Amino acid sequence: MKPSSLIICRCEEVTIEQLEQAYQTGSCTSRQLKMKTRASMGACQGRVCRQLLEAWVHDKKPDSPRDAELLSYRPPIRPVTFGQLAKDES
Amino acid sequence: MERIQDHPILGRKTLREPISFIFNGKPMAGYRGEPIAAALLAAGVRTLRKHEESGNSRGLYCAIGHCMECRLSVKGKGIVRSCLTPLEDGMKVFEGQQLPNEITGRLLP
Amino acid sequence: MKSKRQQSDLIIVGAGPAGLAAAAAAAENGLSVTIIDEFPEPGGRMLGQFHEERGHWWVGKRIADELIEKNRAQGVLIRCGVSVYGMLKVDDMWEVSTSHGTMLAPRVLLATGAAEIPMPANGWTLPGVMSIGAAQVMTNVHYVKPGKRGIIVGVNVLAMAIARELSVSGVSLASIVLPPSGPFAGKAALPKENLQLLMSLSHLAPSPILRFGGKIANALGLAGIVSSLFPRSGIKLWDIPLKLRTKVVSINGTDRVESVTLADVNGQGEIIAGSEREEAVDFVALAGGLYPLAELASIAGCPFIYTPELGGHLPLHSERMKTPVEGLYVAGNITGVESALVAMAQGQLAATSICSDAGIFGHNGESKVAAAIEEVHRVRASALIQFHPGIPEARRKIYRMWQETFGAGV
């Protein structure tokens, strides 16, 4: 099996091949690749694959410095229902 | 899958109440309070969800609430992470389902 | 009607070793403490951990039970099955948003631990493929075996520790093999690097590795050793074949794991043509290691630093477990991946630091904090499981950086 069909982001089923295509068309940072391919934008919010995405980008340019922070996190960082939200505000 | 009754290092669990629940319409047995995912694994159920877009089968992956892979739906509770949600007597549990996509126009088979 | 918002002196997120140790210590000094954890029971990953230590079993569950008992006696409120989805500072008060309403406290300690780094392989989304931590939790916490016969992919501290637990618990394991090569595995896919790692773990392993160690001591180079001396059939580690010359090529099955395709590799990790074969398994445990789970620190506005020795990106913090964000503290694996005992000592230190900042110790605060820091050093130096050889030096670097940025004593 070719490594390119390997899924990196389980939630959005993004493959290495898709990352490669996005990279070739100018999406070069973790954030750009996330925006372009939806890798690490799914239900787990990148908890599983952001490390992989970063490792892949780093492998492309091993000499570039690592960002201090690994992509961004935004609340809610855990699933919450509208019911739970409403209860708290009522 | 096999349940461990007497763990060689950790011993036995304090007495648990056997209960029954329904998964995809099929009656199943489990213990009150154990995660739904554990009861389903013990019953040999691997697929907890179909991927919303592709319909591919998915199962338990991290078991501690990080990965969201084990989400399924419970009547009266909506979509939950089955690895963190305690099993209750008579619970009606359904596999997570593939969804239609209005943007791409993909309908369900 | 405004719902009643529950207020405490200190909210701790995470009921693992760091959180529980911190809560007990803070409550002992008079603070009202609430611990929140989304797992159904307190104890964190200690619930499923045990290992053999100088002839007896260290059992995490027992340590957790003792800590929980201590917390109950001190009146600490432990809220399990509650997820924190956000936090915001309003005036001098943290508003912690949870699945069960908002909770308030002037100080918050994040003890959220670590998450697993995946080790992807073709077919890794099939049901029956799980992170190695999931296999541990199912087996040792929920008492359900992850399958009839499985394989572990990835050779690292976490993999070896959990492999041992699984085999003691009666889970059948075909072998431990190398991951596929590529950017995700990096050096973890190379036989030589793995052998080096195993040597550094030899104190954990039984005699085969130690015996093997003797041969390596007068060797020609590790790559040579792997291809010439390391048996292709692997060596038995406890009763599990450890195969440093075999890697996984793919995980196969329709709708569930049915087999894995394995191949032999040379000393450089390249597949030897024609060596591919299938092995029947019904579960696969992927072991890629751990990284600090610091989402809450990020949304609370804490700056981060990248420290590979400690698991990667972590919230900037001082040696006394304070972050640059007023009223925000960290302890345990969120500050870097280490063992449960170090996490407990860090929890104790964070509590001391918090009580000192709250003015509870009067003039004695600094000396109490200094003593708690000493204790962390002592525990770290004597820790049996070292996740990375460079931890003490990496920590010194972080604390130096903190001092240069914020000045001493902060």
# chains A, B, ... in the order shown; residues from 1 in each chain; ligands from 1
>>> interface_residues(of="chain C", to="chain B", cutoff="9 Å", atoms="only C-alpha atoms", output="PDB file with C-alpha atoms, in the first residue's frame")
ATOM      1  CA  GLU C  38     -14.801  13.886  33.308  1.00  0.00           C
ATOM      2  CA  PHE C  39     -13.935  10.246  33.939  1.00  0.00           C
ATOM      3  CA  PRO C  40     -16.662   8.455  35.953  1.00  0.00           C
ATOM      4  CA  GLY C  48      -5.006   1.083  35.563  1.00  0.00           C
ATOM      5  CA  PHE C  50       0.828  -1.290  38.144  1.00  0.00           C
ATOM      6  CA  TRP C  57       3.940  -4.672  42.905  1.00  0.00           C
ATOM      7  CA  VAL C  59      -0.333  -0.592  42.346  1.00  0.00           C
ATOM      8  CA  LYS C  61      -5.194   1.978  42.272  1.00  0.00           C
ATOM      9  CA  ARG C  62      -4.095   1.579  45.898  1.00  0.00           C
ATOM     10  CA  GLY C  81     -18.388  12.732  35.163  1.00  0.00           C
ATOM     11  CA  ALA C 115      -2.975  12.618  25.921  1.00  0.00           C
ATOM     12  CA  GLU C 116      -1.627   9.983  23.590  1.00  0.00           C
ATOM     13  CA  THR C 125      -9.323   3.568  11.611  1.00  0.00           C
ATOM     14  CA  LEU C 126     -10.685  -0.003  11.635  1.00  0.00           C
ATOM     15  CA  PRO C 127     -12.670  -0.937  14.736  1.00  0.00           C
ATOM     16  CA  GLY C 128     -10.342  -2.970  16.948  1.00  0.00           C
ATOM     17  CA  VAL C 129      -7.413  -0.575  16.472  1.00  0.00           C
ATOM     18  CA  MET C 130      -6.966   1.474  19.612  1.00  0.00           C
ATOM     19  CA  SER C 131      -4.412   3.571  21.418  1.00  0.00           C
ATOM     20  CA  ILE C 132      -2.406   1.514  23.877  1.00  0.00           C
ATOM     21  CA  GLY C 133      -3.900   3.561  26.725  1.00  0.00           C
ATOM     22  CA  ALA C 134      -7.355   2.399  25.664  1.00  0.00           C
ATOM     23  CA  ALA C 135      -6.251  -1.225  25.935  1.00  0.00           C
ATOM     24  CA  VAL C 137      -8.150   1.275  30.540  1.00  0.00           C
ATOM     25  CA  MET C 138     -10.448  -1.430  29.177  1.00  0.00           C
ATOM     26  CA  THR C 139      -8.391  -4.203  30.760  1.00  0.00           C
ATOM     27  CA  ASN C 140      -7.372  -2.781  34.127  1.00  0.00           C
ATOM     28  CA  HIS C 142     -13.197  -1.788  33.254  1.00  0.00           C
ATOM     29  CA  TYR C 143     -12.047  -5.437  33.403  1.00  0.00           C
ATOM     30  CA  VAL C 144     -12.857  -6.188  29.749  1.00  0.00           C
ATOM     31  CA  LYS C 145     -10.084  -7.610  27.550  1.00  0.00           C
ATOM     32  CA  PRO C 146      -9.524  -5.552  24.378  1.00  0.00           C
ATOM     33  CA  GLY C 147      -9.703  -8.691  22.231  1.00  0.00           C
ATOM     34  CA  LYS C 148      -8.720 -12.342  21.920  1.00  0.00           C
ATOM     35  CA  VAL C 168      -0.082 -10.002  33.597  1.00  0.00           C
ATOM     36  CA  SER C 169      -3.821  -9.395  33.198  1.00  0.00           C
ATOM     37  CA  GLY C 170      -4.099 -12.365  30.861  1.00  0.00           C
ATOM     38  CA  THR C 254     -13.453  -5.270   6.648  1.00  0.00           C
ATOM     39  CA  ASP C 255     -15.340  -3.469   9.413  1.00  0.00           C
ATOM     40  CA  ARG C 256     -12.977  -4.851  12.065  1.00  0.00           C
TER      41      ARG C 256
END
>>> interface_residues(of="chain A", to="chain C", cutoff="9 Å", atoms="only C-alpha atoms", output="ChimeraX atom specification")
/A:1-3,5-8,10,47-53,55-60,66-70,72-81,84-85,87-90
>>> atom_distance(atom1="atom CA of Gly269 of chain C", atom2="atom CA of Leu158 of chain C")
21.4 Å
>>> atom_distance(atom1="atom CA of Lys89 of chain C", atom2="atom CA of Gly75 of chain C")
25.8 Å
>>> atom_distance(atom1="atom CA of Ala25 of chain C", atom2="atom CA of Val376 of chain C")
14.6 Å
>>> decode(residues="segment 108-141 of chain C", atoms="N, CA, C and O atoms", output="short mmCIF file (atom, residue, chain, number, x, y, z; two decimals), in the first residue's frame")
data_model
loop_
_atom_site.label_atom_id
_atom_site.label_comp_id
_atom_site.auth_asym_id
_atom_site.auth_seq_id
_atom_site.Cartn_x
_atom_site.Cartn_y
_atom_site.Cartn_z
N VAL C 108 -7.22 28.49 40.09
CA VAL C 108 -7.48 27.22 39.39
C VAL C 108 -6.15 26.48 39.19
O VAL C 108 -5.15 27.09 38.79
N LEU C 109 -6.16 25.20 39.50
CA LEU C 109 -4.99 24.36 39.21
C LEU C 109 -5.35 23.39 38.10
O LEU C 109 -6.31 22.63 38.22
N LEU C 110 -4.60 23.45 37.01
CA LEU C 110 -4.83 22.53 35.90
C LEU C 110 -3.95 21.30 36.08
O LEU C 110 -2.72 21.40 36.09
N ALA C 111 -4.59 20.16 36.27
CA ALA C 111 -3.86 18.89 36.42
C ALA C 111 -4.49 17.90 35.45
O ALA C 111 -4.97 16.84 35.83
N THR C 112 -4.51 18.30 34.18
CA THR C 112 -5.25 17.55 33.17
C THR C 112 -4.44 16.40 32.56
O THR C 112 -4.96 15.68 31.70
N GLY C 113 -3.18 16.28 32.97
CA GLY C 113 -2.42 15.12 32.54
C GLY C 113 -1.96 15.19 31.10
O GLY C 113 -1.68 16.25 30.56
N ALA C 114 -1.94 14.02 30.46
CA ALA C 114 -1.40 13.92 29.11
C ALA C 114 -2.40 13.22 28.21
O ALA C 114 -3.35 12.61 28.67
N ALA C 115 -2.18 13.36 26.91
CA ALA C 115 -2.97 12.62 25.92
C ALA C 115 -1.99 11.81 25.09
O ALA C 115 -0.78 12.07 25.11
N GLU C 116 -2.53 10.84 24.36
CA GLU C 116 -1.63 9.98 23.59
C GLU C 116 -1.32 10.54 22.21
O GLU C 116 -2.19 11.09 21.53
N ILE C 117 -0.07 10.37 21.80
CA ILE C 117 0.33 10.69 20.44
C ILE C 117 0.03 9.46 19.60
O ILE C 117 0.42 8.35 19.96
N PRO C 118 -0.71 9.61 18.51
CA PRO C 118 -1.04 8.42 17.72
C PRO C 118 0.18 7.89 16.96
O PRO C 118 1.16 8.61 16.75
N MET C 119 0.12 6.63 16.61
CA MET C 119 1.15 6.02 15.76
C MET C 119 0.41 5.44 14.56
O MET C 119 0.00 4.29 14.56
N PRO C 120 0.14 6.27 13.54
CA PRO C 120 -0.74 5.82 12.47
C PRO C 120 -0.10 4.75 11.59
O PRO C 120 1.11 4.73 11.39
N ALA C 121 -0.94 3.86 11.11
CA ALA C 121 -0.52 2.83 10.16
C ALA C 121 -1.69 2.62 9.22
O ALA C 121 -2.83 2.91 9.59
N ASN C 122 -1.43 2.14 8.05
CA ASN C 122 -2.53 1.91 7.11
C ASN C 122 -3.58 1.01 7.76
O ASN C 122 -3.25 -0.05 8.28
N GLY C 123 -4.82 1.45 7.73
CA GLY C 123 -5.90 0.66 8.32
C GLY C 123 -6.19 1.00 9.77
O GLY C 123 -6.98 0.31 10.42
N TRP C 124 -5.59 2.09 10.28
CA TRP C 124 -5.72 2.35 11.72
C TRP C 124 -7.07 2.93 12.13
O TRP C 124 -7.30 3.16 13.32
N THR C 125 -8.00 3.13 11.19
CA THR C 125 -9.32 3.57 11.61
C THR C 125 -10.29 2.39 11.77
O THR C 125 -11.43 2.58 12.17
N LEU C 126 -9.82 1.17 11.47
CA LEU C 126 -10.68 0.00 11.64
C LEU C 126 -11.05 -0.22 13.10
O LEU C 126 -10.20 -0.07 13.99
N PRO C 127 -12.31 -0.57 13.37
CA PRO C 127 -12.67 -0.94 14.74
C PRO C 127 -11.79 -2.09 15.21
O PRO C 127 -11.58 -3.06 14.48
N GLY C 128 -11.27 -1.97 16.44
CA GLY C 128 -10.34 -2.97 16.95
C GLY C 128 -8.93 -2.41 17.02
O GLY C 128 -8.08 -2.96 17.71
N VAL C 129 -8.69 -1.28 16.32
CA VAL C 129 -7.41 -0.57 16.47
C VAL C 129 -7.64 0.49 17.54
O VAL C 129 -8.60 1.26 17.46
N MET C 130 -6.79 0.49 18.54
CA MET C 130 -6.97 1.47 19.61
C MET C 130 -5.62 1.98 20.09
O MET C 130 -4.58 1.39 19.78
N SER C 131 -5.64 3.09 20.81
CA SER C 131 -4.41 3.57 21.42
C SER C 131 -4.06 2.60 22.54
O SER C 131 -4.96 1.94 23.09
N ILE C 132 -2.78 2.51 22.87
CA ILE C 132 -2.41 1.51 23.88
C ILE C 132 -3.02 1.85 25.24
O ILE C 132 -3.34 0.97 26.03
N GLY C 133 -3.24 3.15 25.48
CA GLY C 133 -3.90 3.56 26.72
C GLY C 133 -5.32 3.02 26.81
O GLY C 133 -5.80 2.68 27.90
N ALA C 134 -5.99 2.92 25.67
CA ALA C 134 -7.35 2.40 25.66
C ALA C 134 -7.36 0.93 26.06
O ALA C 134 -8.23 0.47 26.81
N ALA C 135 -6.36 0.19 25.57
CA ALA C 135 -6.25 -1.22 25.94
C ALA C 135 -6.04 -1.35 27.44
O ALA C 135 -6.61 -2.22 28.11
N GLN C 136 -5.21 -0.44 27.98
CA GLN C 136 -4.95 -0.45 29.42
C GLN C 136 -6.21 -0.16 30.23
O GLN C 136 -6.53 -0.85 31.20
N VAL C 137 -6.95 0.87 29.81
CA VAL C 137 -8.15 1.28 30.54
C VAL C 137 -9.22 0.17 30.49
O VAL C 137 -9.82 -0.18 31.50
N MET C 138 -9.43 -0.39 29.30
CA MET C 138 -10.45 -1.43 29.18
C MET C 138 -10.10 -2.63 30.05
O MET C 138 -10.94 -3.18 30.76
N THR C 139 -8.82 -3.01 30.02
CA THR C 139 -8.39 -4.20 30.76
C THR C 139 -8.36 -3.97 32.27
O THR C 139 -8.96 -4.71 33.04
N ASN C 140 -7.66 -2.93 32.69
CA ASN C 140 -7.37 -2.78 34.13
C ASN C 140 -8.36 -1.92 34.88
O ASN C 140 -8.40 -1.94 36.10
N VAL C 141 -9.13 -1.10 34.17
CA VAL C 141 -10.11 -0.26 34.86
C VAL C 141 -11.52 -0.85 34.71
O VAL C 141 -12.26 -0.95 35.67
#
